[in-house]
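Trainee: Questions regarding the structure given below will be posed in turn.
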Amino acid sequence: MVDRSTDPIEHEDAMLIQRAKDGDADAYGELYERYANSVFRFVYSQTSNRFDAEDITADVFLRAWRSLSRYKERGFSFSAYLFRIARNVLIDRRRKQRPVAEISEDEVVNLPDMITPDPSLMFSAKIRHQELVSILAQLREDYRTVLVLRFLNELSPEETSQVMGRSVGSVRVLQHRALSALRKLIPAQGLEL
């Protein structure tokens, strides 16, 4: 388990969570602002549909708000708690609707952290993002999930294990296998890692 007691963001999150539990909607709004993009990116990586990802992200934060009184840190970050809710919402939706959405080659997400002032860099970033989305879509769902949580959302192995409902060792093995599968796909796409 990760010791997060000295992390200033975790400390600030704890204060915001307590204020939100006490009925301060603005405090929860701050938590939303802090984590909405990360949750959206995770959900989008699983659905490949911007509208579904927005809808699910809203659902995640609504469910988190409703269950906030029962939230206890237990050594894991609030973001891990949100990703766990997101994963459960995705599983629920997949059970209800088949087939799962395919990634569209034409669909491009303009994520806020990809915005740059140089148009050539923006174009290059969009190309790389499209290639990454296309490659990730070829991976098994659990491979895609572990890679997105670990590398795009920068969760620790412990937090990822909590989100995925697996042991830390299992997450590390899964990550290794997912990276191996990714390495095999990248040359097949004419790209370099």
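Here's how to read the names in the structure tokens: chain A, B, ... by the order shown, residue numbers from 1 in each chain, ligand numbers from 1 in the order shown.
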Which polymer residues have any atom within 10 Å of an atom of stretch 51-62 of chain A, counting only C-alpha atoms, with same-chain residues fewer than 3 positions away left out, as JSON, numbers by chain?
Mentor: {"A": [28, 29, 31, 32, 35, 36, 37, 38, 39, 40, 41, 42, 43, 44, 45, 46, 47, 48, 65, 66, 67, 68, 82, 83, 84, 85, 86, 87, 88, 89, 90, 93, 101]}
Trainee: Can you tell me, as a PyMOL selection string, what residues are no more than 10 Å from A:Ala181 when counting only C-alpha atoms, ignoring any on the same chain fewer than 2 positions away?
Mentor: chain A and resi 136+138-140+143+175-179+183-186
Trainee: Could you check how far atom CA of A:Asp7 sits from atom CA of A:Phe78, in Å to one decimal?
Mentor: 12.5 Å
Trainee: Determine the nearest neighbour of A:Asn153 from the options A:Asp24, A:Leu132, A:Ser167, A:Ser79, counting only C-alpha atoms.
Mentor: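 Of A:Asp24, A:Leu132, A:Ser167, A:Ser79, the one nearest A:Asn153, counting only C-alpha atoms, is A:Ser79.
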